[in-house]
$ cat coords-v3.cif   # mmCIF, C-alpha atoms
data_my_file
#
loop_
_atom_site.label_atom_id
_atom_site.label_comp_id
_atom_site.auth_asym_id
_atom_site.auth_seq_id
_atom_site.Cartn_x
_atom_site.Cartn_y
_atom_site.Cartn_z
CA MET D 710 -14.19 15.36 -14.07
CA ALA D 711 -16.78 13.23 -12.27
CA ASP D 712 -16.25 12.60 -8.58
CA LYS D 713 -14.35 9.40 -7.88
CA LYS D 714 -14.97 6.79 -5.22
CA VAL D 715 -12.39 4.43 -3.70
CA LEU D 716 -12.88 1.37 -1.52
CA THR D 717 -9.99 0.43 0.74
CA VAL D 718 -9.88 -3.02 2.32
CA GLN D 719 -7.57 -3.52 5.30
CA ASP D 720 -7.60 -3.76 9.07
CA ILE D 721 -8.41 -1.12 11.65
CA SER D 722 -5.59 -0.81 14.15
CA CYS D 723 -7.37 1.60 16.47
CA VAL D 724 -4.13 3.14 17.78
CA GLY D 725 -0.89 3.27 15.83
CA GLN D 726 -1.39 5.37 12.69
CA CYS D 727 -1.49 2.61 10.11
CA SER D 728 -3.92 0.72 7.87
CA LEU D 729 -7.43 2.25 7.77
CA THR D 730 -6.65 4.98 10.29
CA VAL D 731 -4.27 6.47 7.71
CA ALA D 732 -5.93 5.33 4.46
CA LEU D 733 -9.29 6.97 5.20
CA PRO D 734 -8.01 10.46 6.11
CA ILE D 735 -5.28 10.56 3.46
CA ILE D 736 -7.41 9.49 0.50
CA SER D 737 -10.24 11.73 1.72
CA ALA D 738 -7.81 14.67 1.92
CA CYS D 739 -7.09 14.07 -1.77
CA GLY D 740 -10.71 14.95 -2.49
CA ILE D 741 -11.75 11.35 -3.09
CA GLU D 742 -14.84 9.77 -1.55
CA THR D 743 -13.45 6.88 0.51
CA ALA D 744 -15.38 3.79 1.56
CA ILE D 745 -13.87 1.22 3.90
CA LEU D 746 -14.19 -2.51 4.44
CA PRO D 747 -12.37 -3.57 7.63
CA SER D 748 -10.71 -6.99 7.52
CA ALA D 749 -10.11 -7.02 11.28
CA VAL D 750 -10.14 -4.74 14.31
CA LEU D 751 -7.08 -4.53 16.56
CA SER D 752 -6.63 -2.38 19.65
CA THR D 753 -3.17 -1.39 18.34
CA HIS D 754 -0.87 -2.49 15.56
CA THR D 755 1.48 -5.39 16.25
CA GLY D 756 4.78 -3.55 15.85
CA GLY D 757 6.02 -3.01 19.39
CA PHE D 758 2.78 -3.22 21.36
CA THR D 759 2.05 -6.31 23.46
CA GLY D 760 -1.25 -7.79 24.61
CA PHE D 761 -3.20 -6.23 21.75
CA THR D 762 -6.74 -7.39 21.02
CA PHE D 763 -7.75 -8.84 17.66
CA ARG D 764 -11.14 -9.49 16.11
CA ASP D 765 -11.29 -11.20 12.73
CA LEU D 766 -14.06 -9.81 10.48
CA THR D 767 -13.73 -12.31 7.63
CA GLU D 768 -17.23 -13.70 8.08
CA ASP D 769 -18.77 -10.22 7.79
CA ILE D 770 -17.23 -9.49 4.41
CA PRO D 771 -19.44 -11.61 2.07
CA GLY D 772 -22.65 -10.09 3.42
CA ILE D 773 -21.31 -6.56 3.02
CA VAL D 774 -20.28 -7.24 -0.59
CA ASP D 775 -23.65 -8.85 -1.35
CA HIS D 776 -25.44 -5.80 0.01
CA TRP D 777 -23.34 -3.38 -2.03
CA GLU D 778 -23.91 -5.39 -5.20
CA LYS D 779 -27.65 -5.41 -4.54
CA GLU D 780 -27.53 -1.61 -4.18
CA ASN D 781 -25.51 -1.30 -7.42
CA ILE D 782 -22.60 0.24 -5.52
CA THR D 783 -19.33 0.16 -7.44
CA PHE D 784 -15.95 1.83 -7.03
CA ASP D 785 -13.49 3.57 -9.34
CA ALA D 786 -10.68 1.81 -7.48
CA ILE D 787 -10.34 -0.88 -4.86
CA TYR D 788 -7.14 -0.61 -2.84
CA THR D 789 -6.11 -3.38 -0.46
CA GLY D 790 -3.62 -3.25 2.37
CA TYR D 791 -3.13 -5.67 5.25
CA LEU D 792 -5.19 -8.83 4.76
CA GLY D 793 -5.15 -11.37 7.56
CA SER D 794 -5.68 -14.71 5.80
CA LYS D 795 -5.77 -16.61 2.52
CA ARG D 796 -9.57 -16.61 2.80
CA GLN D 797 -9.58 -12.80 2.79
CA ILE D 798 -7.42 -12.80 -0.31
CA GLU D 799 -10.00 -14.94 -2.09
CA LEU D 800 -12.77 -12.59 -0.96
CA VAL D 801 -10.87 -9.62 -2.40
CA LYS D 802 -10.57 -11.38 -5.75
CA ASP D 803 -14.34 -11.75 -5.69
CA MET D 804 -14.73 -8.02 -4.90
CA PHE D 805 -12.49 -7.14 -7.83
CA CYS D 806 -14.89 -8.99 -10.13
CA ARG D 807 -18.11 -7.63 -8.63
CA LEU D 808 -17.45 -4.12 -7.34
CA VAL D 809 -14.91 -2.40 -9.64
CA SER D 810 -16.67 -0.12 -12.11
CA MET D 811 -15.90 -0.25 -15.84
CA GLY D 812 -12.37 1.06 -16.33
CA GLY D 813 -11.72 1.03 -12.58
CA LEU D 814 -8.45 0.08 -10.92
CA LYS D 815 -7.47 -2.88 -8.77
CA ILE D 816 -4.57 -1.80 -6.52
CA VAL D 817 -2.76 -4.15 -4.12
CA ASP D 818 -0.30 -3.25 -1.40
CA PRO D 819 0.81 -6.73 -0.26
CA ALA D 820 1.41 -5.56 3.31
CA MET D 821 2.93 -8.64 4.90
CA ALA D 822 6.69 -8.22 5.37
CA ASP D 823 9.65 -5.86 5.67
CA HIS D 824 13.39 -5.94 6.38
CA GLY D 825 13.62 -9.53 5.16
CA GLN D 826 10.97 -10.88 7.53
CA LEU D 827 7.27 -11.73 7.32
CA TYR D 828 4.97 -9.98 9.75
CA TYR D 829 3.63 -11.80 12.79
CA GLY D 830 1.24 -14.61 11.84
CA PHE D 831 2.24 -14.96 8.17
CA ASP D 832 4.14 -17.77 6.42
CA GLU D 833 5.47 -18.58 2.96
CA ALA D 834 2.14 -20.13 1.94
CA PHE D 835 0.44 -16.81 2.63
CA ALA D 836 3.07 -15.01 0.53
CA ALA D 837 2.36 -17.40 -2.34
CA GLU D 838 -1.36 -16.68 -2.06
CA MET D 839 -0.71 -12.93 -1.99
CA ALA D 840 1.25 -13.36 -5.23
CA THR D 841 -1.94 -14.65 -6.89
CA LEU D 842 -3.79 -11.51 -5.78
CA CYS D 843 -1.05 -9.33 -7.23
CA GLY D 844 -1.43 -11.32 -10.42
CA VAL D 845 -4.98 -10.05 -10.94
CA ALA D 846 -4.21 -6.47 -9.87
CA ASP D 847 -3.64 -3.51 -12.18
CA ILE D 848 -1.10 -1.93 -9.83
CA VAL D 849 0.99 -3.51 -7.07
CA ILE D 850 2.94 -1.58 -4.43
CA PRO D 851 5.33 -4.00 -2.68
CA ASN D 852 8.53 -3.29 -0.83
CA ILE D 853 11.65 -5.27 -1.69
CA THR D 854 11.04 -7.95 0.95
CA GLU D 855 7.49 -8.56 -0.28
CA ALA D 856 8.61 -8.60 -3.90
CA ALA D 857 11.27 -11.22 -3.16
CA LEU D 858 8.93 -13.42 -1.12
CA MET D 859 6.19 -13.41 -3.76
CA THR D 860 8.47 -14.10 -6.72
CA GLY D 861 11.02 -16.49 -5.26
CA ALA D 862 13.85 -14.02 -5.78
CA PRO D 863 16.65 -13.83 -3.22
CA TYR D 864 16.25 -11.07 -0.65
CA ILE D 865 19.13 -8.60 -0.66
CA GLY D 866 18.77 -6.00 2.06
CA GLU D 867 21.46 -3.63 0.82
CA GLY D 868 24.29 -3.45 -1.67
CA TYR D 869 22.15 -4.50 -4.62
CA ASP D 870 22.33 -2.88 -8.04
CA LYS D 871 19.87 -1.84 -10.75
CA ALA D 872 20.02 -5.29 -12.29
CA TYR D 873 18.56 -6.73 -9.07
CA ILE D 874 15.71 -4.18 -9.06
CA GLU D 875 15.05 -4.81 -12.76
CA ASP D 876 14.84 -8.54 -12.08
CA LEU D 877 12.43 -8.06 -9.16
CA ILE D 878 10.17 -5.86 -11.28
CA ALA D 879 10.27 -8.30 -14.20
CA ARG D 880 9.24 -11.10 -11.86
CA LEU D 881 6.37 -9.01 -10.46
CA VAL D 882 5.15 -8.15 -13.94
CA GLY D 883 5.41 -11.86 -14.69
CA LEU D 884 2.83 -12.52 -11.97
CA GLY D 885 0.32 -10.58 -14.08
CA ALA D 886 0.27 -7.04 -12.72
CA ASN D 887 0.29 -4.24 -15.28
CA THR D 888 2.15 -1.66 -13.16
CA VAL D 889 4.70 -2.09 -10.37
CA VAL D 890 5.56 0.59 -7.82
CA LEU D 891 8.48 -0.89 -5.86
CA THR D 892 9.20 0.95 -2.62
CA GLY D 893 12.27 1.10 -0.39
CA VAL D 894 14.74 1.24 -3.30
CA SER D 895 18.20 2.59 -2.51
CA PHE D 896 21.48 2.63 -4.40
CA ALA D 897 23.22 5.06 -2.02
CA ALA D 898 23.40 5.23 1.78
CA ASP D 899 21.80 8.68 1.93
CA LYS D 900 19.00 8.16 -0.61
CA LEU D 901 15.75 6.19 -0.58
CA GLY D 902 13.02 6.00 -3.17
CA VAL D 903 10.75 4.09 -5.52
CA ALA D 904 10.96 2.37 -8.89
CA VAL D 905 7.95 2.55 -11.22
CA PHE D 906 7.32 0.42 -14.28
CA THR D 907 4.29 -0.18 -16.49
CA LYS D 908 4.12 -2.79 -19.24
CA GLY D 909 5.08 -1.11 -22.48
CA ASP D 910 7.39 1.45 -20.88
CA ALA D 911 10.84 1.74 -22.37
CA GLU D 912 12.50 1.83 -18.95
CA ILE D 913 11.97 1.97 -15.21
CA SER D 914 11.37 5.40 -13.67
CA TYR D 915 13.14 6.11 -10.39
CA TYR D 916 12.51 8.79 -7.80
CA PHE D 917 14.76 9.32 -4.78
CA HIS D 918 14.78 11.63 -1.78
CA GLU D 919 16.93 11.89 1.32
CA LYS D 920 17.06 8.89 3.64
CA LEU D 921 16.49 9.68 7.30
CA ALA D 922 18.58 7.97 9.95
CA LYS D 923 15.51 6.78 11.84
CA GLY D 924 12.44 5.16 10.29
CA CYS D 925 8.83 5.27 11.47
CA HIS D 926 5.98 2.80 11.80
CA GLY D 927 3.22 2.96 9.22
CA THR D 928 5.11 4.59 6.37
CA GLY D 929 4.19 1.85 3.91
CA ASP D 930 0.48 2.40 4.50
CA ILE D 931 0.93 6.17 4.36
CA TYR D 932 2.81 5.94 1.07
CA SER D 933 0.32 3.60 -0.59
CA SER D 934 -2.67 5.65 0.54
CA ALA D 935 -1.17 8.89 -0.78
CA PHE D 936 -0.25 7.16 -4.04
CA VAL D 937 -3.81 5.90 -4.50
CA GLY D 938 -5.28 9.30 -3.68
CA ALA D 939 -3.01 11.13 -6.11
CA LEU D 940 -3.52 8.56 -8.87
CA VAL D 941 -7.31 8.56 -8.62
CA ARG D 942 -7.21 12.36 -8.46
CA GLY D 943 -5.72 12.29 -11.96
CA LYS D 944 -1.95 12.27 -11.54
CA SER D 945 0.15 9.92 -13.64
CA THR D 946 1.65 6.85 -12.01
CA VAL D 947 5.09 8.44 -11.86
CA GLU D 948 3.71 11.73 -10.51
CA ALA D 949 1.65 9.91 -7.89
CA ALA D 950 4.71 7.92 -6.82
CA ARG D 951 6.71 11.12 -6.38
CA ILE D 952 3.95 12.97 -4.52
CA ALA D 953 3.45 10.03 -2.16
CA ALA D 954 7.19 9.79 -1.47
CA ASP D 955 7.51 13.50 -0.65
CA PHE D 956 4.44 13.35 1.59
CA THR D 957 5.69 10.31 3.49
CA LEU D 958 9.09 11.91 4.02
CA ALA D 959 7.46 15.09 5.35
CA GLY D 960 5.45 13.08 7.86
CA MET D 961 8.58 11.28 8.99
CA LYS D 962 10.43 14.56 9.43
CA ALA D 963 7.58 15.85 11.60
CA THR D 964 8.01 12.78 13.80
CA GLN D 965 11.78 12.92 14.26
CA GLY D 966 12.93 13.76 17.77
CA ASP D 967 9.67 12.84 19.50
CA GLU D 968 10.65 9.70 21.40
CA ALA D 969 7.13 9.37 22.84
CA HIS D 970 5.77 8.95 19.30
CA TRP D 971 7.63 5.71 18.56
CA TYR D 972 4.50 3.89 17.38
CA GLY D 973 3.60 5.86 14.23
CA THR D 974 4.21 8.73 11.84
CA LYS D 975 2.78 12.23 12.20
CA PHE D 976 1.36 12.22 8.69
CA GLU D 977 -1.34 14.69 9.73
CA LYS D 978 1.27 17.45 9.91
CA ALA D 979 2.10 16.89 6.24
CA LEU D 980 -1.43 16.85 4.81
CA PRO D 981 -1.21 20.50 3.65
CA LEU D 982 1.85 19.54 1.56
CA LEU D 983 -0.08 16.69 -0.03
CA ILE D 984 -3.04 18.90 -0.88
CA ASP D 985 -0.75 21.57 -2.37
CA ALA D 986 1.03 18.98 -4.51
CA LEU D 987 -2.28 17.78 -5.94
CA ARG D 988 -3.18 21.33 -6.98
CA GLN D 989 -0.04 21.72 -9.09
#

$ encode --input "coords-v3.cif" --output "structure tokens"
Amino acid sequence: MADKKVLTVQDISCVGQCSLTVALPIISACGIETAILPSAVLSTHTGGFTGFTFRDLTEDIPGIVDHWEKENITFDAIYTGYLGSKRQIELVKDMFCRLVSMGGLKIVDPAMADHGQLYYGFDEAFAAEMATLCGVADIVIPNITEAALMTGAPYIGEGYDKAYIEDLIARLVGLGANTVVLTGVSFAADKLGVAVFTKGDAEISYYFHEKLAKGCHGTGDIYSSAFVGALVRGKSTVEAARIAADFTLAGMKATQGDEAHWYGTKFEKALPLLIDALRQ
């Protein structure tokens, strides 16, 4: 199999174990050459830190893309995470057209909300714009909050049933995406997992693992990065979803009990598990 190359487009939060500081090492650990295009640089992530610095890199992006196109640089997959503005979403659509190699994948993690709330600085208009990006993607990896916001579905934090998940996925497929990997799915208090569906499948595939009492920052980025790495490495969508879930859980377990590490997830401790899973 020829070596694969992935471009990931998201911010650099210099401290906090999220976005590019997890995507680059995780996808690289999967044996995939990983290129980056930073959308912004922050001193820390915004989840619990105060007084963080922020530098928007939107104006740098077109020149970078032009240079890559001139050099005939293309990618087997482009994977997007946190994007800071509607302008950046439009620039990613342009990248999808110009930089994805023949047969390559367009993968979108619409990182903008969780637990029923949009992240700092986002509004419903941004969610609507993100829905258009998911509409031109091959694979989307939203959580339930993001799925509801992009499709106009009601947000139900807990107590929902399979019919609710099936409706969310149908709405996401209706946007235009070929495959949906819906994260944060739970039908029991002690289980958490993902639902995977590709157009043409007879049914939704579910994968669940134990639900920890305490969550961690950055798990969405960790999950999506591991999923992309496993998928591009050659695993099926369902296999990649399972591998990414087990890896994320292992990183969370390594973080439990360390109150000083409130800002992130010790995913580094679980990288050997990820590598072993890819060898199987």

$ residues_around --input "coords-v3.cif" --residues "stretch 756-759 of chain D" --least-positions-apart "5" --cutoff "12 Å" --atoms "all atoms listed in the file" --output "list in words"
Ser722, Val724, Gly725, Gln726, Cys727, Leu751, Ala822, Asp823, Tyr828, Tyr829, Cys925, His926, Gly927, His970, Trp971, Tyr972 and Gly973 of chain D

$ closest_atom_pairs --input "coords-v3.cif" --of "stretch 860-974 of chain D" --to "stretch 770-792 of chain D" --cutoff "9 Å" --atoms "only C-alpha atoms" --output "JSON lines"
{"residue": "D:Asp930", "atom": "CA", "partner": "D:Gly790", "partner_atom": "CA", "distance": 7.3}
{"residue": "D:Ser933", "atom": "CA", "partner": "D:Gly790", "partner_atom": "CA", "distance": 8.4}
{"residue": "D:Ser934", "atom": "CA", "partner": "D:Tyr788", "partner_atom": "CA", "distance": 8.4}
{"residue": "D:Val937", "atom": "CA", "partner": "D:Tyr788", "partner_atom": "CA", "distance": 7.5}
{"residue": "D:Val941", "atom": "CA", "partner": "D:Ala786", "partner_atom": "CA", "distance": 7.6}

$ closest_residue --input "coords-v3.cif" --among "D:Leu881, D:Leu940, D:Ala922, D:Ile798" --to "D:Leu958" --atoms "only C-alpha atoms"
D:Ala922

$ resolve_selection --input "coords-v3.cif" --expression "the PyMOL selection byres ((chain D and resi 844) around 10)" --output "NGL selection string"
:D and (817 or 838-843 or 845-849 or 881-887)

$ residues_around --input "coords-v3.cif" --residues "D:Ala949" --least-positions-apart "2" --cutoff "8 Å" --atoms "all atoms listed in the file" --output "JSON list (two decimals) with C-alpha atoms, in the frame of the given file"
[["chain", "number", "residue", "atom", "x", "y", "z"],
["D", 935, "ALA", "CA", -1.17, 8.89, -0.78],
["D", 936, "PHE", "CA", -0.25, 7.16, -4.04],
["D", 937, "VAL", "CA", -3.81, 5.90, -4.50],
["D", 939, "ALA", "CA", -3.01, 11.13, -6.11],
["D", 940, "LEU", "CA", -3.52, 8.56, -8.87],
["D", 944, "LYS", "CA", -1.95, 12.27, -11.54],
["D", 945, "SER", "CA", 0.15, 9.92, -13.64],
["D", 946, "THR", "CA", 1.65, 6.85, -12.01],
["D", 947, "VAL", "CA", 5.09, 8.44, -11.86],
["D", 951, "ARG", "CA", 6.71, 11.12, -6.38],
["D", 952, "ILE", "CA", 3.95, 12.97, -4.52],
["D", 953, "ALA", "CA", 3.45, 10.03, -2.16]]

$ resolve_selection --input "coords-v3.cif" --expression "the PyMOL selection byres ((chain D and resi 850) around 9)" --output "ChimeraX atom specification"
/D:816-820,848-849,851-852,888-892,933

$ closest_residue --input "coords-v3.cif" --among "D:Ala862, D:Lys908, D:Pro734, D:Lys795" --to "D:Ala979" --atoms "all atoms listed in the file"
D:Pro734

$ closest_residue --input "coords-v3.cif" --among "D:Asp870, D:Asp720, D:Asp967, D:Glu768" --to "D:Pro747" --atoms "all atoms listed in the file"
D:Asp720

$ atom_distance --input "coords-v3.cif" --atom1 "atom CA of D:Ser728" --atom2 "atom CA of D:His754"
8.9 Å

$ atom_distance --input "coords-v3.cif" --atom1 "atom CA of D:Thr762" --atom2 "atom CA of D:Thr854"
26.8 Å

$ resolve_selection --input "coords-v3.cif" --expression "the PyMOL selection byres ((chain D and resi 737) around 12)" --output "ChimeraX atom specification"
/D:712-717,729-736,738-745,934-935,937-939,941-942,980,983-984

$ closest_residue --input "coords-v3.cif" --among "D:Ser895, D:Gln826, D:Thr767, D:Thr957" --to "D:Glu799" --atoms "only C-alpha atoms"
D:Thr767

$ closest_residue --input "coords-v3.cif" --among "D:Met821, D:Ser794, D:Glu919, D:Asp876" --to "D:Phe896" --atoms "all atoms listed in the file"
D:Glu919

$ atom_distance --input "coords-v3.cif" --atom1 "atom CA of D:Pro863" --atom2 "atom CA of D:Thr928"
23.8 Å
